[in-house]
Amino acid sequence: MAEQGGSMPDPGGAKDLAEFVALLGELRAWAGMPSYRVLAKRVEALIRPPRTISPSTLVNAFKTGRQRLDLDLVVALVRALGASEGAVDSWRHACIKVHAQAKTGGPVGAFRQLPADLRTFTGRQEELAQLIVAATQHHDSGGARTVVVSAIEGMAGVGKTQLAIHAAHQLVRLGHFTDVQLHVNLRGFDPELPPADPSAVLEAFLRHLGVPAQQIPAGVDERAAMYRDRLQDRSALVLLDNAADEDQVRDLIPASPTCLVMITSRRSLVALDGVSPHQLDVFTETESLDLLSQIAGPDRVADEPEAAAQIAEYCGHLPLAVSLAAARLRSRPTWTLQHLADKLRAGRLTAIRADGRALRPAFNLSYQELDAPLRRIFRLLGHHPGPDATPAHLAALADITAEEAEDALEQLQDEHLLAQPTPGRYELHDLLRLLAAELAAAEPEPVAPLTRLATWCVATGYAAAALIGTPNLTGAPAQAAETPGFESYDDALTWFDQERNTLAAVQHAAAEAGLARHVWQLAETQKQFFVVCRHLDDFLAAQQLALVAARADGDRRIEAQMLTVLGGAYWMAGRLDDSEDCCLQVRRLYQALGDATGEASALMAQGVVQNHRGHPERCVDLITQALALLAGPDTLHLRGQALMNRAVVYKTAQHRRPQDVADLREALTIFQHVGDRRAEALAVGNLADFHLLDADLDLALRLYHEQQKLARELADAYVEAESLRGAGDVHAAAHRTAQARQAWTEALALYEKIEHPKAAEVRQRLQTAAETAP
């Protein structure tokens with residue numbers, strides 16, 4: 001930087017913008033007259049938010065004929081010219097003052113039309129920054145060619161208006177858009193008054209801009225043309241609050257690139273030419289608690305942090321709801337926060353109110369503004385018990401096509417009554433869900449939509465269950481329209497994974513509604529998915545509901561089948577007492593029914609439990625009894641299971657090896673014949689275990705690799721972990737330590753992923769290998 005000479009010019013003496021710009025020129029001279037190219041590089045490194053600064057931009061900044069200056073540019077420029085931070089503040093304040101005093105913006109009546117900024121405004125820092133950048137990044141550098149239009153959109157009560165007002169005030173305080181500020185409430189969603197007529201709004205704006213009443217044209221097109229002319233080349237901010245739709249605001253947008261338009265609406269305005277949408281979500285927990293503290297008092301919130309968090313949660317972190325709850329606390333100084341939290345939990349929509357204001361009317365208005373078909377769709381979503389809805393779900397609920405359902409969901413999203421956090425899945429805000437549920441409960445046939453949805457889930461679930469090889473599927477699925485087809489095992493498994501929470505919610509709702517058959521069928525379709533993916537808690541919950549439903553249905557054979565699966569789930573979870581109790585109940589039911597095959601399955605299951613209790617002799621005896629009951633082609637699959645289970649009981653007993661291997665090979669042949677690929681993978685792994693015990697390492701390793709391939713095709717983490725554990729054991733027996741560690745490490749990761757207790761066993765193998773390593 002060149003040598004500075006004399007005293008720095010004082011910006012406080014500037015009476016208008018021209019004098020201020022002249023003083024900027026003196027400041028440049030004081031700094032040694034750096035070239036515009038050099039100065040542009042310095043400014044570019046200092047300006048916030050960052051942007052490219054050209055030498056021509058700085059040339060324009062020093063022209064005394066300018067009507068306004070970019071405050072951020074001025075601040076960076078003053079810093080680049082070597083001013084201290086104290087001096088920088090003086091130049092900033094002087095710049096704001098001369099803009100406020102400027103008379104180039106027209107008559108005084110056109111100033112200060114913005115509503116008051118909210119004292120308790122909190123949060124929204126990221127959204128605020130985005131609005132400021134959108135308003136200023138091109139405008140101040142002279143690069144804007146069209147008017148900037150920012151649409152702030154979101155559901156009722158999310159804080160659109162307050163953000164727009166706060167952003168507008170901040171822009172003006174920073175020296176932007178100081179010529180004119182216009183504001184109007186367009187009443188797009190008003191419980192008492194119709195939406196504002198654009199022609200009437202234009203008349204009011206023109207009067208604010210100094211046009212005598214007798215000179216204002218009668219037609220809306222002529223008024224819009226005059227309005228655009230009056231704002232041409234003027235630094236104007238137009239705030240259009242609560243817009244009904246694009247048509248209402250189209251004529252209210254000036255044409256000059258020197259202007260900024262901010263629009264708020266509960267509807268999407270993406271069809272508006274040149275609009276930049278800013279969609280507001282609910283508050284974060286921190287923002288909710290900050291707002292609660294500002295209104296109700298920080299001491300009260302600090303004294304009851306858990307209750308404060310509950311209040312924010314019950315308000316769904318919706319700014320309007322939080323502010324109403326906080327205002328109610330402020331008006332009730334004797335209330336504890338826990339007292340209000342209890343009230344909100346008991347009746348959230350009704351309890352969110354204060355000083356004559358309430359949340360429910362705002363929501364009701366959004367609902368009433370929908371046309372009749374969309375109101376029906378919104379009510380039907382109140383019947384959906386799951387966390388989100390897909391077009392397929394809605395098609396079943398509403399008895400319409402998936403295409404019609406998707407169109408309806410998209411329309412509701414455009415109304416900001418739904419969100420779409422992931423493609424194809426739509427969510428209601430918690431409080432809107434309550435409103436939809438209330439409306440749904442008042443329907444003349446409240447169970448019919450749930451029945452249609454549960455029927456669709458069952459029919460689709462059966463199709464997916466068959467494709468992933470679910471054994472012993474019971475009964476034909478209920479019919480439903482437009483059930484999706486699945487092309488592969490992976491497609492079916494992915495569907496179960498995606499719909500896991502929905503299926504659980506639908507099963508619970510069906511149980512409450514008395515749809516017993518749907519309840520046990522929903523469990524039936526998911527049992528193989530739960531086993532493959534090791535979702536044991538979900539497995540137990542679904543089967544427990546299924547057993548209650550089967551008993552309510554009065555079908556003893558279905559009851560026995562649900563008990564059988566529940567016993568298996570208990571066994572997988574390590575609850576052996578519960579598992580054996582199920583086995584005994586199943587055996588009694590099948591004996592009463594005269595079903596020898598069913599009794600054999602109960603004996604086998606009980607034998608497995610006995611083996612895990614440490615009673616192998618009793619296990620072999622029970623399975624042998626079961627094999628004696630199995631005759632005929634219909635029992636082939638069950639016979640394969642019995643042979644495999646009996647073979648592995650005495651796996652380490654050398655004298656039984658020939659018989660056990662023969663049993664396993666027969667079981668493997670059966671599983672391959674009936675197409676049970678998971679059972680085939682287990683049989684292959686058990687054969688590998690026997691060959692490892694016989695020190696036939698090459699064959700054992702080949703079989704473990706074969707098992708791993710099957711497991712990966714089935715996406716079965718447990719079976720793959722077993723194959724890797726076995727492969728590691730083979731490598732260890734062959735003194736290939738590095739390969740053993742690698743295989744065990746991969747097995748451990750899979751066991752831990754599914755939270756299987758065998759993880760501890762493999763972890764010990766790795767530790768021992770590390771301790772004995774050379």
# chains A, B, ... in the order shown; residues from 1 in each chain; ligands from 1
>>> select_by_dssp(residues="region 24-182 of chain A", states="helix (DSSP H, G or I)", output="VMD selection string")
chain A and resid 24 to 30 36 to 46 55 to 61 71 to 80 85 to 101 108 to 110 125 to 136 160 to 173
>>> residues_around(residues="region 277-294 of chain A", least_positions_apart="4", cutoff="6 Å", atoms="only C-alpha atoms", output="list in words")
Gly123, Ser150, Ala151, Ile152, Glu153, Gly154, Val158, Pro298, Val301, Ala312, His317, Leu318 and Ala326 of chain A
>>> residues_around(residues="Leu697 (chain A)", least_positions_apart="4", cutoff="10 Å", atoms="only C-alpha atoms", output="number ranges by chain")
A: 688-689, 691-693, 701-703, 727, 729-731, 733-734
>>> closest_atom_pairs(of="region 319-389 of chain A", to="region 490-499 of chain A", cutoff="12 Å", atoms="only C-alpha atoms", output="JSON lines")
{"residue": "A:Gly386", "atom": "CA", "partner": "A:Glu499", "partner_atom": "CA", "distance": 9.2}
{"residue": "A:Pro387", "atom": "CA", "partner": "A:Glu499", "partner_atom": "CA", "distance": 10.0}
{"residue": "A:Asp388", "atom": "CA", "partner": "A:Glu499", "partner_atom": "CA", "distance": 9.6}
{"residue": "A:Ala389", "atom": "CA", "partner": "A:Glu499", "partner_atom": "CA", "distance": 9.8}
>>> select_by_dssp(residues="region 24-242 of chain A", states="strand (DSSP E)", output="PyMOL selection string")
chain A and resi 148-153+180-185+236-242
>>> write_last_selection(atoms="all heavy atoms", output="short mmCIF file (atom, residue, chain, number, x, y, z; two decimals), in the first residue's frame")
data_model
loop_
_atom_site.label_atom_id
_atom_site.label_comp_id
_atom_site.auth_asym_id
_atom_site.auth_seq_id
_atom_site.Cartn_x
_atom_site.Cartn_y
_atom_site.Cartn_z
N VAL A 148 -35.25 -9.00 -8.46
CA VAL A 148 -35.08 -10.18 -7.62
C VAL A 148 -36.40 -10.47 -6.91
O VAL A 148 -36.96 -9.58 -6.25
CB VAL A 148 -33.96 -9.97 -6.58
CG1 VAL A 148 -33.86 -11.17 -5.65
CG2 VAL A 148 -32.63 -9.73 -7.29
N VAL A 149 -36.90 -11.68 -7.06
CA VAL A 149 -38.16 -12.08 -6.43
C VAL A 149 -37.88 -13.29 -5.55
O VAL A 149 -37.52 -14.36 -6.04
CB VAL A 149 -39.24 -12.43 -7.47
CG1 VAL A 149 -40.55 -12.78 -6.78
CG2 VAL A 149 -39.44 -11.29 -8.45
N SER A 150 -38.04 -13.13 -4.24
CA SER A 150 -37.84 -14.21 -3.28
C SER A 150 -39.19 -14.60 -2.68
O SER A 150 -39.89 -13.74 -2.12
CB SER A 150 -36.88 -13.80 -2.17
OG SER A 150 -35.58 -13.62 -2.68
N ALA A 151 -39.57 -15.86 -2.82
CA ALA A 151 -40.83 -16.36 -2.26
C ALA A 151 -40.53 -17.20 -1.03
O ALA A 151 -39.83 -18.21 -1.12
CB ALA A 151 -41.59 -17.18 -3.29
N ILE A 152 -41.02 -16.76 0.12
CA ILE A 152 -40.84 -17.50 1.37
C ILE A 152 -42.09 -18.34 1.58
O ILE A 152 -43.18 -17.81 1.79
CB ILE A 152 -40.61 -16.53 2.54
CG1 ILE A 152 -39.43 -15.59 2.24
CG2 ILE A 152 -40.38 -17.29 3.84
CD1 ILE A 152 -39.26 -14.48 3.25
N GLU A 153 -41.93 -19.66 1.52
CA GLU A 153 -43.07 -20.56 1.54
C GLU A 153 -42.99 -21.50 2.74
O GLU A 153 -41.91 -21.79 3.24
CB GLU A 153 -43.11 -21.39 0.25
CG GLU A 153 -43.12 -20.56 -1.02
CD GLU A 153 -42.95 -21.42 -2.26
OE1 GLU A 153 -42.83 -22.66 -2.12
OE2 GLU A 153 -42.94 -20.86 -3.37
N VAL A 180 -37.51 3.23 -1.40
CA VAL A 180 -38.94 2.93 -1.23
C VAL A 180 -39.09 1.58 -0.55
O VAL A 180 -38.39 0.64 -0.90
CB VAL A 180 -39.67 2.87 -2.60
CG1 VAL A 180 -41.16 2.60 -2.41
CG2 VAL A 180 -39.46 4.15 -3.38
N GLN A 181 -40.01 1.53 0.42
CA GLN A 181 -40.41 0.23 0.98
C GLN A 181 -41.92 0.17 1.00
O GLN A 181 -42.58 0.99 1.66
CB GLN A 181 -39.87 0.04 2.40
CG GLN A 181 -38.35 0.11 2.52
CD GLN A 181 -37.92 1.37 3.23
OE1 GLN A 181 -38.50 1.77 4.23
NE2 GLN A 181 -36.88 2.02 2.71
N LEU A 182 -42.48 -0.79 0.28
CA LEU A 182 -43.93 -0.98 0.20
C LEU A 182 -44.30 -2.32 0.81
O LEU A 182 -43.57 -3.30 0.68
CB LEU A 182 -44.40 -0.93 -1.26
CG LEU A 182 -44.14 0.37 -2.03
CD1 LEU A 182 -44.53 0.20 -3.48
CD2 LEU A 182 -44.91 1.52 -1.39
N HIS A 183 -45.45 -2.35 1.47
CA HIS A 183 -45.90 -3.58 2.12
C HIS A 183 -47.41 -3.70 1.99
O HIS A 183 -48.14 -2.69 2.07
CB HIS A 183 -45.53 -3.58 3.60
CG HIS A 183 -46.25 -4.63 4.40
ND1 HIS A 183 -47.42 -4.37 5.10
CD2 HIS A 183 -46.00 -5.95 4.60
CE1 HIS A 183 -47.84 -5.47 5.69
NE2 HIS A 183 -46.99 -6.44 5.41
N VAL A 184 -47.88 -4.93 1.81
CA VAL A 184 -49.32 -5.17 1.80
C VAL A 184 -49.59 -6.59 2.30
O VAL A 184 -48.82 -7.51 2.01
CB VAL A 184 -49.93 -4.98 0.40
CG1 VAL A 184 -49.37 -5.99 -0.60
CG2 VAL A 184 -51.45 -5.07 0.43
N ASN A 185 -50.66 -6.74 3.06
CA ASN A 185 -51.16 -8.06 3.44
C ASN A 185 -52.20 -8.46 2.40
O ASN A 185 -53.28 -7.87 2.33
CB ASN A 185 -51.78 -8.01 4.84
CG ASN A 185 -52.36 -9.36 5.25
OD1 ASN A 185 -52.22 -10.36 4.52
ND2 ASN A 185 -52.99 -9.42 6.39
N ALA A 236 -36.01 -0.10 -4.48
CA ALA A 236 -37.28 -0.33 -3.78
C ALA A 236 -37.38 -1.76 -3.28
O ALA A 236 -36.93 -2.70 -3.93
CB ALA A 236 -38.45 -0.03 -4.72
N LEU A 237 -38.00 -1.90 -2.13
CA LEU A 237 -38.30 -3.21 -1.55
C LEU A 237 -39.81 -3.33 -1.44
O LEU A 237 -40.46 -2.47 -0.83
CB LEU A 237 -37.65 -3.35 -0.18
CG LEU A 237 -37.70 -4.74 0.49
CD1 LEU A 237 -36.55 -4.87 1.50
CD2 LEU A 237 -39.01 -5.01 1.21
N VAL A 238 -40.38 -4.36 -2.03
CA VAL A 238 -41.82 -4.59 -2.01
C VAL A 238 -42.08 -5.91 -1.28
O VAL A 238 -41.62 -6.97 -1.71
CB VAL A 238 -42.40 -4.65 -3.44
CG1 VAL A 238 -43.91 -4.85 -3.39
CG2 VAL A 238 -42.04 -3.39 -4.22
N LEU A 239 -42.79 -5.83 -0.18
CA LEU A 239 -43.10 -7.02 0.62
C LEU A 239 -44.57 -7.37 0.43
O LEU A 239 -45.46 -6.63 0.87
CB LEU A 239 -42.79 -6.75 2.09
CG LEU A 239 -43.14 -7.87 3.09
CD1 LEU A 239 -42.56 -9.20 2.66
CD2 LEU A 239 -42.64 -7.49 4.48
N LEU A 240 -44.82 -8.50 -0.22
CA LEU A 240 -46.18 -8.97 -0.50
C LEU A 240 -46.44 -10.16 0.42
O LEU A 240 -45.99 -11.27 0.18
CB LEU A 240 -46.30 -9.39 -1.97
CG LEU A 240 -45.86 -8.33 -3.01
CD1 LEU A 240 -45.93 -8.91 -4.41
CD2 LEU A 240 -46.73 -7.08 -2.89
N ASP A 241 -47.18 -9.90 1.47
CA ASP A 241 -47.37 -10.90 2.53
C ASP A 241 -48.65 -11.69 2.33
O ASP A 241 -49.69 -11.14 1.94
CB ASP A 241 -47.41 -10.17 3.88
CG ASP A 241 -47.36 -11.12 5.06
OD1 ASP A 241 -46.85 -12.25 4.89
OD2 ASP A 241 -47.81 -10.74 6.15
N ASN A 242 -48.56 -13.00 2.60
CA ASN A 242 -49.74 -13.87 2.63
C ASN A 242 -50.44 -13.93 1.28
O ASN A 242 -51.65 -13.72 1.16
CB ASN A 242 -50.72 -13.38 3.72
CG ASN A 242 -51.71 -14.45 4.11
OD1 ASN A 242 -51.55 -15.63 3.80
ND2 ASN A 242 -52.77 -14.04 4.80
#
>>> residues_around(residues="Asp553 (chain A)", least_positions_apart="5", cutoff="10 Å", atoms="only C-alpha atoms", output="ChimeraX atom specification")
/A:514-517,520,547-548,558-559
>>> write_last_selection(atoms="C-alpha atoms", output="PDB file, in the first residue's frame")
ATOM      1  CA  GLY A 514     -60.446 -55.696  15.285  1.00  0.00           C
ATOM      2  CA  LEU A 515     -59.107 -56.743  11.861  1.00  0.00           C
ATOM      3  CA  ALA A 516     -57.782 -60.028  13.255  1.00  0.00           C
ATOM      4  CA  ARG A 517     -57.037 -61.821   9.984  1.00  0.00           C
ATOM      5  CA  TRP A 520     -51.736 -62.312  11.741  1.00  0.00           C
ATOM      6  CA  LEU A 547     -51.022 -64.769  18.313  1.00  0.00           C
ATOM      7  CA  VAL A 548     -53.627 -62.591  20.039  1.00  0.00           C
ATOM      8  CA  ILE A 558     -53.626 -70.608  12.718  1.00  0.00           C
ATOM      9  CA  GLU A 559     -53.077 -70.183  16.447  1.00  0.00           C
TER      10      GLU A 559
END
>>> atom_distance(atom1="CA of His166 (chain A)", atom2="CA of Asp117 (chain A)")
5.6 Å
>>> residues_around(residues="Tyr489 (chain A)", least_positions_apart="5", cutoff="12 Å", atoms="only C-alpha atoms", output="ChimeraX atom specification")
/A:463-470,494-496,529,677,712-716
>>> write_last_selection(atoms="N, CA, C and O atoms", output="CSV table (one decimal), in the first residue's frame")
chain,number,residue,atom,x,y,z
A,463,ALA,N,-46.7,-61.3,-1.8
A,463,ALA,CA,-45.9,-61.4,-3.0
A,463,ALA,C,-44.4,-61.3,-2.7
A,463,ALA,O,-43.6,-62.0,-3.3
A,464,ALA,N,-44.0,-60.3,-1.8
A,464,ALA,CA,-42.6,-60.1,-1.5
A,464,ALA,C,-42.1,-61.3,-0.7
A,464,ALA,O,-41.0,-61.8,-0.9
A,465,ALA,N,-42.9,-61.8,0.2
A,465,ALA,CA,-42.5,-62.9,1.1
A,465,ALA,C,-42.2,-64.2,0.3
A,465,ALA,O,-41.3,-64.9,0.5
A,466,ALA,N,-43.1,-64.4,-0.7
A,466,ALA,CA,-42.8,-65.6,-1.6
A,466,ALA,C,-41.5,-65.5,-2.3
A,466,ALA,O,-40.8,-66.5,-2.5
A,467,LEU,N,-41.2,-64.3,-2.7
A,467,LEU,CA,-40.0,-64.1,-3.5
A,467,LEU,C,-38.7,-64.3,-2.7
A,467,LEU,O,-37.6,-64.6,-3.2
A,468,ILE,N,-38.7,-64.0,-1.4
A,468,ILE,CA,-37.5,-64.1,-0.6
A,468,ILE,C,-37.5,-65.5,0.1
A,468,ILE,O,-36.7,-65.7,1.0
A,469,GLY,N,-38.4,-66.4,-0.4
A,469,GLY,CA,-38.3,-67.8,0.1
A,469,GLY,C,-38.9,-68.0,1.5
A,469,GLY,O,-38.4,-68.9,2.2
A,470,THR,N,-39.9,-67.3,1.9
A,470,THR,CA,-40.5,-67.4,3.2
A,470,THR,C,-41.2,-68.8,3.3
A,470,THR,O,-42.1,-69.1,2.5
A,494,THR,N,-35.9,-55.2,-0.3
A,494,THR,CA,-35.9,-53.7,-0.2
A,494,THR,C,-37.2,-53.2,0.1
A,494,THR,O,-37.4,-52.2,1.0
A,495,TRP,N,-38.3,-53.7,-0.4
A,495,TRP,CA,-39.6,-53.3,-0.1
A,495,TRP,C,-39.9,-53.5,1.3
A,495,TRP,O,-40.5,-52.6,2.0
A,496,PHE,N,-39.6,-54.7,1.9
A,496,PHE,CA,-39.8,-54.9,3.3
A,496,PHE,C,-39.1,-53.9,4.2
A,496,PHE,O,-39.6,-53.4,5.1
A,529,PHE,N,-38.3,-62.0,6.5
A,529,PHE,CA,-37.5,-60.7,6.5
A,529,PHE,C,-36.9,-60.5,7.8
A,529,PHE,O,-35.7,-60.1,7.9
A,677,ARG,N,-33.4,-71.8,-0.1
A,677,ARG,CA,-31.9,-71.4,-0.3
A,677,ARG,C,-31.3,-71.1,1.0
A,677,ARG,O,-30.1,-71.3,1.2
A,712,ARG,N,-24.7,-64.0,0.5
A,712,ARG,CA,-24.7,-62.6,-0.1
A,712,ARG,C,-25.9,-62.5,-1.1
A,712,ARG,O,-26.5,-61.5,-1.3
A,713,GLU,N,-26.2,-63.6,-1.8
A,713,GLU,CA,-27.3,-63.6,-2.7
A,713,GLU,C,-28.6,-63.4,-2.0
A,713,GLU,O,-29.6,-62.7,-2.5
A,714,LEU,N,-28.7,-63.9,-0.7
A,714,LEU,CA,-29.9,-63.7,0.1
A,714,LEU,C,-29.8,-62.5,1.0
A,714,LEU,O,-30.8,-62.2,1.7
A,715,ALA,N,-28.7,-61.7,0.9
A,715,ALA,CA,-28.5,-60.5,1.8
A,715,ALA,C,-28.8,-60.9,3.3
A,715,ALA,O,-29.3,-60.2,4.0
A,716,ASP,N,-28.2,-62.1,3.6
A,716,ASP,CA,-28.4,-62.6,5.0
A,716,ASP,C,-27.1,-62.4,5.8
A,716,ASP,O,-26.1,-63.1,5.6
>>> closest_atom_pairs(of="region 160-200 of chain A", to="region 343-363 of chain A", cutoff="10 Å", atoms="only C-alpha atoms", output="Markdown table")
| residue | atom | partner | partner_atom | distance |
| --- | --- | --- | --- | --- |
| A:Phe189 | CA | A:Ala362 | CA | 8.5 |
| A:Asp190 | CA | A:Ala362 | CA | 8.8 |
| A:Pro191 | CA | A:Pro361 | CA | 8.1 |
>>> residues_around(residues="region 86-99 of chain A", least_positions_apart="5", cutoff="12 Å", atoms="only C-alpha atoms", output="PyMOL selection string")
chain A and resi 8-21+23-24+27+66-81+104-105+111+170-180+235
>>> write_last_selection(atoms="C-alpha atoms", output="CSV table (one decimal), in the first residue's frame")
chain,number,residue,atom,x,y,z
A,8,MET,CA,-8.2,10.8,7.0
A,9,PRO,CA,-11.4,12.5,5.7
A,10,ASP,CA,-14.3,12.5,8.1
A,11,PRO,CA,-17.4,10.8,6.5
A,12,GLY,CA,-19.7,12.3,9.3
A,13,GLY,CA,-19.8,15.6,7.5
A,14,ALA,CA,-21.5,14.2,4.4
A,15,LYS,CA,-24.9,15.8,3.9
A,16,ASP,CA,-26.0,13.6,1.0
A,17,LEU,CA,-24.9,10.7,-1.1
A,18,ALA,CA,-22.9,12.8,-3.6
A,19,GLU,CA,-20.8,14.3,-0.7
A,20,PHE,CA,-20.3,10.8,0.7
A,21,VAL,CA,-19.0,9.5,-2.6
A,23,LEU,CA,-15.3,11.8,0.5
A,24,LEU,CA,-14.6,8.2,-0.6
A,27,LEU,CA,-10.1,8.5,1.2
A,66,ARG,CA,-24.9,7.3,-8.1
A,67,GLN,CA,-28.3,7.0,-6.4
A,68,ARG,CA,-27.1,4.4,-3.9
A,69,LEU,CA,-24.1,2.4,-2.7
A,70,ASP,CA,-23.6,-1.2,-1.7
A,71,LEU,CA,-22.9,-1.0,2.1
A,72,ASP,CA,-21.0,-4.2,2.2
A,73,LEU,CA,-18.8,-3.0,-0.7
A,74,VAL,CA,-18.2,0.4,1.0
A,75,VAL,CA,-17.1,-1.4,4.3
A,76,ALA,CA,-14.7,-3.7,2.4
A,77,LEU,CA,-13.4,-0.7,0.4
A,78,VAL,CA,-12.7,1.4,3.5
A,79,ARG,CA,-10.9,-1.5,5.1
A,80,ALA,CA,-8.9,-2.1,1.9
A,81,LEU,CA,-7.8,1.6,1.9
A,104,THR,CA,-34.2,10.6,-4.8
A,105,GLY,CA,-36.6,8.0,-3.8
A,111,PHE,CA,-40.9,5.5,3.0
A,170,GLN,CA,-32.1,-5.8,8.1
A,171,LEU,CA,-31.6,-4.9,4.5
A,172,VAL,CA,-32.7,-1.3,5.0
A,173,ARG,CA,-30.5,-1.0,8.1
A,174,LEU,CA,-27.6,-2.1,6.0
A,175,GLY,CA,-28.3,0.6,3.5
A,176,HIS,CA,-30.1,-1.5,0.8
A,177,PHE,CA,-33.4,-0.5,-0.8
A,178,THR,CA,-33.6,2.7,1.0
A,179,ASP,CA,-35.6,4.7,-1.6
A,180,VAL,CA,-38.9,2.9,-1.2
A,235,SER,CA,-34.0,1.2,-5.0
>>> residues_around(residues="Trp571 (chain A)", least_positions_apart="2", cutoff="12 Å", atoms="only C-alpha atoms", output="PyMOL selection string")
chain A and resi 531+536+539-540+564-569+573-583+605-613
>>> closest_residue(among="A:Thr502, A:Leu193, A:Ala740, A:Gln585", to="Thr768 (chain A)", atoms="only C-alpha atoms")
A:Ala740
